[in-house]
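Data file: coords04.cif. Format and content: mmCIF, C-alpha atoms and all ligand atoms.
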```cif
data_input
loop_
_atom_site.label_atom_id
_atom_site.label_comp_id
_atom_site.auth_asym_id
_atom_site.auth_seq_id
_atom_site.Cartn_x
_atom_site.Cartn_y
_atom_site.Cartn_z
CA MET A 1 105.88 86.07 78.06
CA SER A 2 102.98 83.75 77.43
CA GLY A 3 101.35 86.37 75.19
CA ALA A 4 97.95 85.04 76.24
CA LYS A 5 95.23 87.28 74.89
CA ALA A 6 91.50 87.26 75.06
CA SER A 7 90.07 87.41 71.54
CA LYS A 8 88.28 90.63 70.64
CA GLN A 9 85.13 88.73 69.84
CA ALA A 10 85.11 86.95 73.18
CA MET A 11 85.57 90.31 74.89
CA MET A 12 82.70 91.85 72.93
CA GLU A 13 80.45 88.97 73.97
CA GLU A 14 81.47 89.45 77.55
CA TYR A 15 80.71 93.20 77.51
CA GLN A 16 77.32 92.28 76.12
CA GLN A 17 76.73 89.74 78.90
CA ARG A 18 77.74 92.30 81.52
CA ARG A 19 75.28 94.82 80.09
CA GLN A 20 72.57 92.19 80.08
CA GLN A 21 73.23 91.34 83.71
CA PHE A 22 73.30 95.01 84.69
CA LEU A 23 70.11 95.77 82.74
CA GLU A 24 68.34 93.04 84.67
CA LYS A 25 69.55 94.46 87.95
CA ILE A 26 68.39 98.03 87.28
CA GLY A 27 64.90 96.90 86.35
CA ARG A 28 62.97 100.02 85.38
CA GLY A 29 65.84 102.47 85.84
CA THR A 30 67.96 104.11 83.17
CA ALA A 31 71.70 104.29 83.72
CA ILE A 32 74.01 106.93 82.30
CA PHE A 33 77.77 106.43 82.20
CA ARG A 34 80.20 109.05 81.06
CA SER A 35 83.61 108.35 79.55
CA ALA A 36 86.76 109.74 81.12
CA PRO A 37 87.65 113.23 79.89
CA PRO A 38 90.49 113.54 77.36
CA ALA A 39 93.88 113.49 79.05
CA VAL A 40 95.58 116.84 78.47
CA MET A 41 98.95 118.16 79.61
CA HIS A 42 100.60 121.57 79.04
CA LYS A 43 97.08 122.95 78.47
CA ASP A 44 96.63 121.55 74.95
CA VAL A 45 98.77 118.42 74.45
CA GLU A 46 96.67 115.27 74.40
CA TYR A 47 98.38 112.27 75.93
CA ASN A 48 97.57 108.68 76.89
CA PHE A 49 93.83 108.46 77.28
CA ARG A 50 92.59 106.04 79.91
CA GLN A 51 88.91 105.15 79.85
CA GLU A 52 86.82 105.39 83.00
CA SER A 53 86.63 101.88 84.43
CA ASP A 54 82.84 101.47 84.81
CA PHE A 55 82.36 102.77 81.29
CA PHE A 56 85.00 100.40 79.95
CA TYR A 57 83.68 97.43 81.93
CA LEU A 58 80.28 97.75 80.26
CA THR A 59 81.27 98.80 76.75
CA GLY A 60 84.94 98.14 75.92
CA PHE A 61 84.69 101.53 74.20
CA ASN A 62 87.94 103.39 74.52
CA GLU A 63 87.38 107.00 73.47
CA PRO A 64 86.75 110.23 75.35
CA ASN A 65 83.68 112.48 74.90
CA ALA A 66 81.27 109.57 75.00
CA VAL A 67 78.19 108.65 77.01
CA ALA A 68 76.66 105.20 77.37
CA VAL A 69 73.00 104.83 78.29
CA LEU A 70 71.39 101.60 79.44
CA ALA A 71 67.63 101.79 79.26
CA PRO A 72 66.00 98.40 79.93
CA GLN A 73 62.43 99.60 79.52
CA HIS A 74 62.82 101.57 76.30
CA GLN A 75 60.79 100.05 73.46
CA GLU A 76 63.60 99.76 70.93
CA HIS A 77 66.98 100.63 72.37
CA GLN A 78 68.49 99.18 75.53
CA PHE A 79 72.08 100.16 74.88
CA ILE A 80 72.76 103.58 73.41
CA LEU A 81 76.12 105.19 72.73
CA PHE A 82 76.79 108.88 72.20
CA VAL A 83 80.24 109.21 70.61
CA GLN A 84 82.57 111.55 68.78
CA PRO A 85 81.51 111.48 65.12
CA LYS A 86 83.98 110.62 62.38
CA ASP A 87 85.98 113.70 61.42
CA PRO A 88 88.84 113.18 58.94
CA GLU A 89 90.61 116.39 59.92
CA LYS A 90 90.46 115.78 63.68
CA GLU A 91 91.44 112.14 63.14
CA THR A 92 94.51 113.28 61.19
CA TRP A 93 95.63 115.19 64.24
CA ASN A 94 94.47 113.07 67.14
CA GLY A 95 93.86 109.58 65.83
CA TYR A 96 91.13 107.18 64.90
CA ARG A 97 87.53 107.54 66.03
CA ALA A 98 85.06 104.68 65.81
CA GLY A 99 82.26 107.07 64.92
CA VAL A 100 78.51 106.60 65.08
CA GLU A 101 78.24 103.66 62.66
CA GLN A 102 80.99 101.61 64.30
CA ALA A 103 79.47 102.29 67.70
CA LYS A 104 76.55 100.19 66.51
CA GLU A 105 78.27 97.66 64.28
CA TYR A 106 81.34 96.94 66.35
CA TYR A 107 80.39 97.92 69.89
CA GLY A 108 76.89 96.54 69.67
CA ALA A 109 74.88 99.66 70.49
CA ASP A 110 71.19 99.39 69.57
CA GLU A 111 71.37 103.05 68.64
CA ALA A 112 74.19 105.54 68.42
CA TYR A 113 74.36 109.30 68.08
CA SER A 114 76.91 112.03 67.91
CA ILE A 115 77.77 113.30 71.38
CA SER A 116 76.51 116.72 70.25
CA GLU A 117 72.98 115.24 70.18
CA LEU A 118 73.01 114.17 73.82
CA ASP A 119 70.79 116.93 75.15
CA GLU A 120 68.21 116.42 72.44
CA LYS A 121 68.06 112.60 72.52
CA LEU A 122 68.52 111.75 76.19
CA SER A 123 64.98 112.49 77.43
CA GLN A 124 63.35 109.66 75.47
CA TYR A 125 65.51 107.19 77.44
CA LEU A 126 64.80 108.79 80.80
CA GLU A 127 61.05 109.32 80.43
CA PRO A 128 59.99 105.70 80.90
CA ALA A 129 62.43 105.08 83.77
CA ASP A 130 61.46 105.08 87.44
CA ARG A 131 64.95 106.26 88.42
CA ILE A 132 68.18 107.51 86.96
CA TYR A 133 71.45 105.80 87.78
CA TYR A 134 74.27 108.28 87.46
CA HIS A 135 77.56 108.81 89.26
CA PHE A 136 78.28 112.47 89.94
CA GLY A 137 81.70 113.15 88.44
CA ASP A 138 84.06 116.09 88.80
CA ASP A 139 82.62 117.89 85.77
CA ARG A 140 79.89 120.04 87.25
CA SER A 141 78.59 121.28 83.93
CA PHE A 142 77.97 117.70 82.84
CA ASN A 143 76.35 116.89 86.19
CA ASN A 144 74.10 119.88 85.58
CA ILE A 145 72.99 118.51 82.21
CA ILE A 146 71.77 115.33 83.91
CA LEU A 147 70.17 117.28 86.74
CA GLY A 148 68.48 119.55 84.19
CA HIS A 149 66.89 116.58 82.46
CA TRP A 150 65.76 115.15 85.73
CA GLN A 151 64.26 118.42 86.86
CA GLN A 152 62.37 118.80 83.61
CA LEU A 153 60.95 115.30 83.85
CA MET A 154 59.95 115.83 87.48
CA ALA A 155 58.12 119.00 86.49
CA SER A 156 56.00 117.10 83.98
CA TYR A 157 55.62 114.00 86.15
CA ALA A 158 52.06 114.77 87.25
CA LYS A 159 50.94 115.16 83.65
CA ARG A 160 52.51 111.90 82.45
CA GLY A 161 52.36 109.83 85.62
CA THR A 162 55.71 108.25 84.84
CA GLY A 163 59.29 109.32 85.01
CA PRO A 164 62.32 109.07 87.22
CA ILE A 165 61.55 110.01 90.80
CA ALA A 166 64.96 109.09 92.19
CA LEU A 167 68.58 109.50 91.30
CA GLU A 168 70.94 106.78 92.42
CA ASP A 169 74.64 106.04 92.12
CA PRO A 170 75.13 102.93 89.95
CA GLY A 171 78.11 101.79 92.06
CA PRO A 172 76.27 99.60 94.58
CA THR A 173 74.60 97.77 91.67
CA LEU A 174 77.54 97.56 89.28
CA HIS A 175 80.53 97.21 91.57
CA PRO A 176 79.66 93.81 93.06
CA MET A 177 79.82 92.57 89.46
CA ARG A 178 83.25 94.11 88.94
CA LEU A 179 84.49 92.54 92.16
CA VAL A 180 84.15 88.98 90.86
CA LYS A 181 86.64 88.49 88.05
CA SER A 182 85.75 86.46 84.98
CA GLU A 183 88.11 84.07 83.21
CA LEU A 184 88.70 86.64 80.49
CA GLU A 185 89.56 89.30 83.03
CA LEU A 186 91.93 86.91 84.74
CA VAL A 187 93.75 86.26 81.45
CA GLN A 188 94.64 89.96 81.46
CA VAL A 189 95.45 90.08 85.15
CA ARG A 190 97.80 87.12 84.71
CA GLN A 191 99.48 88.86 81.81
CA ALA A 192 99.96 92.01 83.91
CA VAL A 193 101.40 89.81 86.66
CA GLU A 194 103.72 87.94 84.30
CA ILE A 195 105.17 91.16 82.86
CA SER A 196 105.50 92.73 86.31
CA THR A 197 107.18 89.59 87.63
CA ALA A 198 109.81 89.69 84.87
CA ALA A 199 110.37 93.38 85.56
CA HIS A 200 110.78 92.87 89.34
CA ASN A 201 113.22 90.03 88.78
CA ALA A 202 115.34 92.06 86.37
CA ALA A 203 115.22 95.12 88.62
CA ARG A 204 116.46 93.10 91.59
CA GLN A 205 119.52 91.96 89.62
CA LEU A 206 120.28 95.54 88.72
CA ALA A 207 119.93 96.89 92.25
CA GLN A 208 123.57 97.01 93.29
CA PRO A 209 125.30 99.51 95.59
CA GLY A 210 126.06 102.75 93.74
CA ARG A 211 123.04 102.58 91.45
CA TYR A 212 120.37 105.24 91.66
CA GLU A 213 116.77 104.46 92.46
CA TYR A 214 115.69 105.95 89.13
CA GLU A 215 117.84 103.44 87.24
CA ILE A 216 115.81 100.66 88.80
CA GLN A 217 112.59 102.51 88.02
CA ALA A 218 113.71 102.89 84.40
CA GLU A 219 114.45 99.16 84.12
CA LEU A 220 111.02 98.26 85.51
CA GLU A 221 109.11 100.64 83.31
CA TYR A 222 111.17 99.79 80.22
CA LEU A 223 110.26 96.13 80.66
CA PHE A 224 106.60 96.94 81.27
CA ARG A 225 106.33 98.69 77.94
CA ARG A 226 108.74 96.35 76.16
CA HIS A 227 106.33 93.49 76.86
CA GLY A 228 103.23 95.31 75.72
CA ALA A 229 101.88 96.71 78.97
CA LEU A 230 100.29 100.15 78.86
CA GLY A 231 102.83 101.29 81.44
CA PRO A 232 102.98 101.49 85.22
CA ALA A 233 99.69 100.80 86.98
CA TYR A 234 100.63 103.53 89.51
CA PRO A 235 103.75 105.60 90.15
CA SER A 236 106.58 103.11 90.75
CA ILE A 237 108.02 103.26 94.26
CA VAL A 238 111.74 102.54 94.38
CA ALA A 239 112.73 103.38 97.92
CA SER A 240 116.14 102.63 99.39
CA GLY A 241 117.15 102.84 103.02
CA ALA A 242 114.94 105.10 105.11
CA ASN A 243 112.99 106.21 102.01
CA ALA A 244 111.11 102.94 102.40
CA CYS A 245 109.46 104.37 105.51
CA VAL A 246 107.57 106.84 103.28
CA LEU A 247 104.67 104.76 102.06
CA HIS A 248 104.18 106.49 98.70
CA TYR A 249 107.76 107.64 98.07
CA THR A 250 108.11 108.31 94.34
CA GLU A 251 111.04 110.74 93.99
CA ASN A 252 113.26 107.73 93.23
CA ASN A 253 116.40 109.86 93.02
CA ARG A 254 118.71 108.53 95.71
CA GLN A 255 121.93 106.57 95.28
CA MET A 256 121.71 103.17 96.94
CA GLN A 257 124.32 102.05 99.40
CA ALA A 258 125.52 98.60 100.40
CA HIS A 259 123.76 97.07 103.45
CA GLU A 260 120.54 98.95 102.82
CA LEU A 261 117.19 97.52 101.95
CA LEU A 262 115.48 98.46 98.71
CA LEU A 263 111.68 98.46 98.62
CA ILE A 264 110.17 98.21 95.15
CA ASP A 265 106.40 98.65 94.85
CA ALA A 266 105.66 98.48 91.14
CA GLY A 267 103.28 96.81 88.74
CA CYS A 268 102.09 97.33 85.21
CA ALA A 269 98.70 97.87 83.61
CA TYR A 270 97.93 95.41 80.87
CA GLY A 271 94.73 95.84 78.90
CA TYR A 272 93.51 98.03 81.78
CA TYR A 273 94.11 95.30 84.39
CA ASN A 274 96.73 95.92 87.02
CA ALA A 275 99.40 94.10 88.96
CA ASP A 276 100.50 95.52 92.31
CA ILE A 277 103.64 93.91 93.71
CA THR A 278 106.06 94.91 96.47
CA ARG A 279 109.33 93.28 97.33
CA THR A 280 111.98 94.41 99.79
CA PHE A 281 115.51 93.00 99.62
CA PRO A 282 119.08 93.86 100.61
CA VAL A 283 121.10 95.89 98.12
CA GLY A 284 124.16 93.78 97.42
CA GLY A 285 122.61 90.57 98.73
CA GLN A 286 123.01 90.33 102.52
CA PHE A 287 120.56 91.34 105.25
CA THR A 288 121.94 92.92 108.43
CA VAL A 289 120.83 91.22 111.65
CA GLU A 290 118.09 93.80 112.34
CA GLN A 291 116.87 93.88 108.75
CA ARG A 292 116.61 90.14 108.67
CA ILE A 293 114.69 89.88 111.94
CA LEU A 294 112.15 92.46 110.80
CA TYR A 295 111.96 91.00 107.30
CA GLU A 296 111.20 87.53 108.62
CA LEU A 297 108.52 89.01 110.85
CA VAL A 298 106.79 90.75 107.93
CA LEU A 299 107.13 87.61 105.81
CA GLU A 300 105.52 85.51 108.55
CA ALA A 301 102.71 88.06 108.92
CA GLN A 302 102.16 87.96 105.18
CA LYS A 303 102.18 84.18 105.04
CA GLN A 304 99.60 83.91 107.81
CA ALA A 305 97.51 86.71 106.30
CA ILE A 306 97.49 84.95 102.91
CA ASP A 307 96.41 81.72 104.65
CA GLN A 308 93.25 83.58 105.68
CA VAL A 309 92.28 84.30 102.09
CA GLN A 310 89.65 81.59 101.81
CA PRO A 311 86.11 81.64 100.42
CA GLY A 312 83.66 82.39 103.22
CA ASN A 313 86.19 84.22 105.40
CA PRO A 314 85.40 87.82 106.28
CA TYR A 315 87.55 90.27 104.31
CA ASN A 316 89.22 91.66 107.42
CA GLN A 317 90.51 88.37 108.74
CA SER A 318 93.82 88.64 106.91
CA HIS A 319 94.37 92.18 108.25
CA GLU A 320 93.60 91.08 111.80
CA THR A 321 95.99 88.17 111.40
CA ALA A 322 98.80 90.36 110.07
CA VAL A 323 98.32 92.87 112.89
CA ARG A 324 98.46 90.11 115.49
CA VAL A 325 101.64 88.53 114.09
CA LEU A 326 103.39 91.89 113.71
CA THR A 327 102.37 93.15 117.14
CA GLU A 328 103.43 89.93 118.82
CA GLY A 329 106.76 90.08 116.98
CA LEU A 330 107.37 93.72 117.94
CA ALA A 331 106.59 92.88 121.55
CA GLY A 332 109.00 89.93 121.38
CA LEU A 333 111.72 92.34 120.27
CA GLY A 334 110.93 94.76 123.10
CA LEU A 335 109.78 97.43 120.65
CA LEU A 336 106.31 97.26 122.17
CA GLN A 337 105.53 96.56 125.79
CA GLY A 338 102.35 95.22 127.30
CA GLU A 339 99.82 92.47 126.96
CA LEU A 340 99.20 91.40 123.33
CA ASP A 341 95.42 91.89 123.19
CA THR A 342 95.70 95.31 124.81
CA LEU A 343 98.45 96.39 122.41
CA ILE A 344 96.22 95.38 119.50
CA GLU A 345 93.06 96.89 120.93
CA GLN A 346 94.81 100.19 121.66
CA GLU A 347 96.55 100.12 118.28
CA LYS A 348 100.00 100.57 119.80
CA TYR A 349 101.47 98.99 116.65
CA LYS A 350 100.37 101.92 114.50
CA PRO A 351 103.65 103.91 114.53
CA PHE A 352 105.18 100.78 112.90
CA TYR A 353 102.26 99.62 110.79
CA MET A 354 99.86 102.36 109.79
CA HIS A 355 98.12 101.02 106.70
CA ARG A 356 95.72 98.21 106.01
CA THR A 357 96.84 94.79 104.81
CA GLY A 358 95.41 95.03 101.31
CA HIS A 359 92.72 96.13 98.92
CA TRP A 360 90.65 94.87 96.02
CA LEU A 361 92.51 94.77 92.72
CA GLY A 362 91.13 94.91 89.18
CA LEU A 363 90.39 97.54 86.56
CA ASP A 364 91.40 100.05 89.24
CA VAL A 365 94.47 99.41 91.37
CA HIS A 366 92.45 100.17 94.47
CA ASP A 367 89.47 98.53 92.92
CA VAL A 368 85.82 99.26 93.49
CA GLY A 369 83.67 97.19 95.80
CA VAL A 370 82.78 97.61 99.43
CA TYR A 371 84.71 95.99 102.24
CA LYS A 372 81.92 96.18 104.76
CA TYR A 373 78.14 96.05 104.69
CA GLY A 374 77.18 97.96 107.82
CA ASP A 375 79.08 96.19 110.59
CA MET A 376 79.64 93.01 108.57
CA TRP A 377 82.82 92.49 106.62
CA GLN A 378 82.27 91.25 103.09
CA GLN A 379 82.81 87.51 102.82
CA LEU A 380 85.44 86.41 100.33
CA GLN A 381 84.18 84.46 97.36
CA PRO A 382 85.78 82.76 94.36
CA GLY A 383 86.82 85.34 91.77
CA HIS A 384 87.66 88.05 94.31
CA LEU A 385 91.12 89.46 93.68
CA LEU A 386 92.99 91.30 96.41
CA THR A 387 96.44 92.31 97.56
CA VAL A 388 98.02 91.12 100.80
CA GLU A 389 100.68 93.63 101.78
CA PRO A 390 101.75 93.88 105.40
CA GLY A 391 104.78 95.96 106.30
CA LEU A 392 106.85 97.49 109.08
CA TYR A 393 108.20 101.03 108.91
CA ILE A 394 110.64 102.30 111.51
CA ALA A 395 111.23 105.88 110.43
CA PRO A 396 114.45 107.52 111.66
CA ASP A 397 112.33 109.86 113.80
CA ILE A 398 109.66 107.33 114.80
CA LYS A 399 107.51 108.46 117.73
CA PRO A 400 106.37 105.59 119.91
CA ALA A 401 102.70 105.36 120.86
CA GLU A 402 101.75 106.72 124.28
CA GLY A 403 103.28 104.69 127.07
CA GLN A 404 105.57 102.74 124.72
CA PRO A 405 109.40 102.67 124.81
CA GLU A 406 111.70 104.72 122.58
CA VAL A 407 112.91 102.71 119.60
CA PRO A 408 116.68 101.98 119.84
CA GLU A 409 118.79 103.48 117.06
CA ARG A 410 119.75 100.16 115.51
CA TRP A 411 116.18 99.49 114.32
CA ARG A 412 115.63 102.88 112.77
CA GLY A 413 115.58 103.65 109.06
CA ILE A 414 114.26 100.23 108.10
CA GLY A 415 111.10 100.00 105.98
CA ILE A 416 109.72 96.71 104.70
CA ARG A 417 106.61 95.75 102.76
CA ILE A 418 105.82 92.51 100.98
CA GLU A 419 102.85 92.55 98.63
CA ASP A 420 101.28 89.78 96.58
CA ASP A 421 98.17 89.60 94.42
CA VAL A 422 95.90 86.83 95.59
CA LEU A 423 92.89 85.29 93.85
CA VAL A 424 90.18 83.63 95.89
CA THR A 425 89.39 80.22 94.41
CA ALA A 426 86.66 77.67 95.13
CA THR A 427 88.95 75.77 97.48
CA GLY A 428 91.24 78.47 98.89
CA HIS A 429 93.43 80.90 97.03
CA GLU A 430 96.08 81.28 94.38
CA VAL A 431 99.01 83.64 94.84
CA LEU A 432 99.34 85.00 91.32
CA THR A 433 102.62 86.77 92.03
CA GLU A 434 104.52 83.89 93.62
CA ALA A 435 107.20 83.87 90.91
CA VAL A 436 108.73 86.99 92.44
CA PRO A 437 111.00 85.54 95.13
CA LYS A 438 110.58 86.62 98.73
CA SER A 439 112.31 84.03 100.91
CA VAL A 440 115.45 85.19 102.74
CA GLU A 441 117.49 82.47 101.02
CA ALA A 442 116.37 83.51 97.53
CA LEU A 443 117.05 87.17 98.22
CA GLU A 444 120.50 86.53 99.68
CA THR A 445 121.67 84.44 96.73
CA LEU A 446 121.07 86.98 94.03
N1 LIG N 1 100.99 100.50 95.12
C1 LIG N 1 99.88 101.00 95.80
C2 LIG N 1 99.44 100.05 96.82
O1 LIG N 1 100.14 99.11 97.13
O2 LIG N 1 98.35 100.13 97.30
MN MN N 2 98.62 97.57 96.97
MN MN N 3 101.65 98.28 95.91
#
```
Is it possible to express this structure as structure tokens?
Ligand code: GLY
Ligand code: MN
Ligand code: MN
Amino acid sequence: MSGAKASKQAMMEEYQQRRQQFLEKIGRGTAIFRSAPPAVMHKDVEYNFRQESDFFYLTGFNEPNAVAVLAPQHQEHQFILFVQPKDPEKETWNGYRAGVEQAKEYYGADEAYSISELDEKLSQYLEPADRIYYHFGDDRSFNNIILGHWQQLMASYAKRGTGPIALEDPGPTLHPMRLVKSELELVQVRQAVEISTAAHNAARQLAQPGRYEYEIQAELEYLFRRHGALGPAYPSIVASGANACVLHYTENNRQMQAHELLLIDAGCAYGYYNADITRTFPVGGQFTVEQRILYELVLEAQKQAIDQVQPGNPYNQSHETAVRVLTEGLAGLGLLQGELDTLIEQEKYKPFYMHRTGHWLGLDVHDVGVYKYGDMWQQLQPGHLLTVEPGLYIAPDIKPAEGQPEVPERWRGIGIRIEDDVLVTATGHEVLTEAVPKSVEALETL
């Protein structure tokens, strides 16, 4: 592993720059971000806490029970943190807390308070704002606190002549920022990719006939953690044979047989950034004729789809390209019948290919950011990070689309997906995950 790390100080400066940029964008508004709730299992056992991504993106602060306020028009404080106060007894049980002082000194808050003071202190930051930016979360009682403040300020609006008259989700303002990855973010993405690559390559060696899917999962996840990742970025999919036709198969409990394909969709989270990689290969090293034909078709679709990842191209162009290649290929094999454009227009390929060709990738695996503005697809720009992941899934009981032929037995039970993480660059793209082999030759000479 390269062990590349962004220095803490550089990260702190970057959080500060992000806040500055966001403060400028919200003008006279005040934004409120809430941390993720504590992670609890078995009713009272705290386990791995994972900060809410918007909150983390703007603060780097990694504790629950916290609120960040950004108030550009407040006289003294633009960045305010409400946090869990220091508490030696609680810290003995549940671990370190930064506390109110550190929230200022280390995390750069202009002012910090105990979270218990939120109700009392919040109004002063909302009063001078013309709107409140807040994302309604699942916690209704917390939503009601914000609504209560808003209502109170509205009631006294006439008297003061100022105050928030609108409530807006911060996503459309913040998420375009998150969509374009900085160099420091990419250091962490590349580290997630490097660890995930090593894990995929080791898992492939292990995937011999007679092994169980969970053994492969264990190898992957052992290596994730062994190399300092937080763990899997999402539940690892280790799907042999027809299991690969279930898109989010995660039971991972079947014994693999010779002459089957194994689909592994797994990636780790490193420093909150995620890799998302899928490879499909023959258990024991040789494709059957049908597997190979379909595999080469998906690989060609993926190659052409990746070619479309270019600055200035509309986001959907790689999906449209993948659909065209796959549909043409299926028609060539007699699995679809009809004229190509009609098959595409009428979505006759959907029993074989029912998902989209990718998604944004970042702090969230299915990252924030819109794909379309009205009818216009977002144009790719340098710093965008996305997956390209076409597939074909011929379930044992596949039902052809209306007017299409039955699928002959020999094609059934084959599921294939190939997924890479692709960065848009100034001149084209970079496939970050290219060190995980995917050519037929490489996969047959394990
Ligand atoms: N692993 C989830 C996805 O590929 O979207
Ligand atoms: Mn994906
Ligand atoms: Mn995936």
Exercise. Any idea what's packed within 10 Å of stretch 182-198 of chain A, counting only C-alpha atoms, ignoring anything in its chain fewer than 4 positions away? Could you give it as a PyMOL selection string?
Worked result: chain A and resi 1-7+10-11+14+177-178+202-203+220-221+223-230+232-233+266-277+361-363+383-385+420-421+423+432-437
For this session: Name the residues, by chain letter and number, that sit within 12 Å of ligand MN 3 (chain N) using all atoms listed in the file, and give them as a ChimeraX atom specification.
Result: /A:196,232-238,247-249,263-268,274-280,355-361,365-366,386-391,417-421
For this session: Select all residues near (108.8, 102.4, 120.8) (cut-off 10 Å, inclusive, file coordinates), counting only C-alpha atoms, and output them as a ChimeraX atom specification.
Result: /A:330-331,334-337,348-349,351-352,394,398-408
Problem set entry | All residues 12 Å or closer to A:Gln51, all atoms listed in the file, same chain fewer than 6 positions away omitted, as a PyMOL selection string | chain A and resi 33-39+57-67+271-272+363-364
For this session: Show me as a VMD selection string the residues that reach within 9 Å of (116.0, 97.9, 114.4), counting only C-alpha atoms and using the file's own coordinates.
Result: chain A and resid 289 to 291 293 to 294 335 394 407 to 414
Problem set entry | Length of the atom CA of A:Leu206 to atom CA of A:Gly241 vector [Å] | 16.4 Å
For this session: Would you mind telling me which residue in A:Glu105, A:Lys372, A:Glu111, A:Asp367 lies nearest to ligand MN 2 (chain N) when using all atoms listed in the file?
Result: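 When distances to ligand MN 2 (chain N) are compared using all atoms listed in the file, the smallest one comes from A:Asp367.
Taking all atoms listed in the file into account, ligand LIG 1 (chain N) lies nearest to A:Thr250 out of the set A:Thr250, A:Gln379, A:Ser123, A:Gln17.
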Problem set entry | Straight-line distance linking atom CA of A:Gln286 with atom CA of A:Val323, stated in Å to one decimal |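 Computing the Euclidean distance for atom CA of A:Gln286 and atom CA of A:Val323 yields 26.9 Å.
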Quick test: take stretch 65-70 of chain A, keep all heavy atoms, and write it as a PDB file, in the first residue's frame.
```pdb
ATOM      1  N   ASN A  65     -24.377  13.571  18.185  1.00  0.00           N
ATOM      2  CA  ASN A  65     -24.988  14.590  19.054  1.00  0.00           C
ATOM      3  C   ASN A  65     -24.345  15.958  18.866  1.00  0.00           C
ATOM      4  O   ASN A  65     -23.949  16.620  19.830  1.00  0.00           O
ATOM      5  CB  ASN A  65     -24.891  14.173  20.536  1.00  0.00           C
ATOM      6  CG  ASN A  65     -25.549  12.838  20.764  1.00  0.00           C
ATOM      7  OD1 ASN A  65     -26.636  12.580  20.240  1.00  0.00           O
ATOM      8  ND2 ASN A  65     -24.884  11.964  21.497  1.00  0.00           N
ATOM      9  N   ALA A  66     -24.182  16.345  17.644  1.00  0.00           N
ATOM     10  CA  ALA A  66     -23.572  17.641  17.339  1.00  0.00           C
ATOM     11  C   ALA A  66     -24.398  18.365  16.280  1.00  0.00           C
ATOM     12  O   ALA A  66     -25.108  17.726  15.489  1.00  0.00           O
ATOM     13  CB  ALA A  66     -22.143  17.440  16.843  1.00  0.00           C
ATOM     14  N   VAL A  67     -24.294  19.675  16.302  1.00  0.00           N
ATOM     15  CA  VAL A  67     -24.962  20.513  15.296  1.00  0.00           C
ATOM     16  C   VAL A  67     -23.966  21.575  14.847  1.00  0.00           C
ATOM     17  O   VAL A  67     -23.279  22.176  15.681  1.00  0.00           O
ATOM     18  CB  VAL A  67     -26.242  21.176  15.881  1.00  0.00           C
ATOM     19  CG1 VAL A  67     -26.786  22.251  14.948  1.00  0.00           C
ATOM     20  CG2 VAL A  67     -27.312  20.124  16.161  1.00  0.00           C
ATOM     21  N   ALA A  68     -23.880  21.770  13.550  1.00  0.00           N
ATOM     22  CA  ALA A  68     -23.024  22.832  13.011  1.00  0.00           C
ATOM     23  C   ALA A  68     -23.933  23.908  12.432  1.00  0.00           C
ATOM     24  O   ALA A  68     -24.905  23.599  11.741  1.00  0.00           O
ATOM     25  CB  ALA A  68     -22.110  22.273  11.923  1.00  0.00           C
ATOM     26  N   VAL A  69     -23.605  25.150  12.724  1.00  0.00           N
ATOM     27  CA  VAL A  69     -24.384  26.277  12.192  1.00  0.00           C
ATOM     28  C   VAL A  69     -23.428  27.164  11.402  1.00  0.00           C
ATOM     29  O   VAL A  69     -22.335  27.478  11.870  1.00  0.00           O
ATOM     30  CB  VAL A  69     -25.041  27.079  13.335  1.00  0.00           C
ATOM     31  CG1 VAL A  69     -25.794  28.285  12.780  1.00  0.00           C
ATOM     32  CG2 VAL A  69     -25.988  26.185  14.135  1.00  0.00           C
ATOM     33  N   LEU A  70     -23.868  27.554  10.217  1.00  0.00           N
ATOM     34  CA  LEU A  70     -23.083  28.492   9.404  1.00  0.00           C
ATOM     35  C   LEU A  70     -23.936  29.735   9.202  1.00  0.00           C
ATOM     36  O   LEU A  70     -25.020  29.654   8.622  1.00  0.00           O
ATOM     37  CB  LEU A  70     -22.700  27.843   8.076  1.00  0.00           C
ATOM     38  CG  LEU A  70     -21.666  26.715   8.265  1.00  0.00           C
ATOM     39  CD1 LEU A  70     -21.657  25.771   7.093  1.00  0.00           C
ATOM     40  CD2 LEU A  70     -20.284  27.293   8.490  1.00  0.00           C
TER      41      LEU A  70
END
```
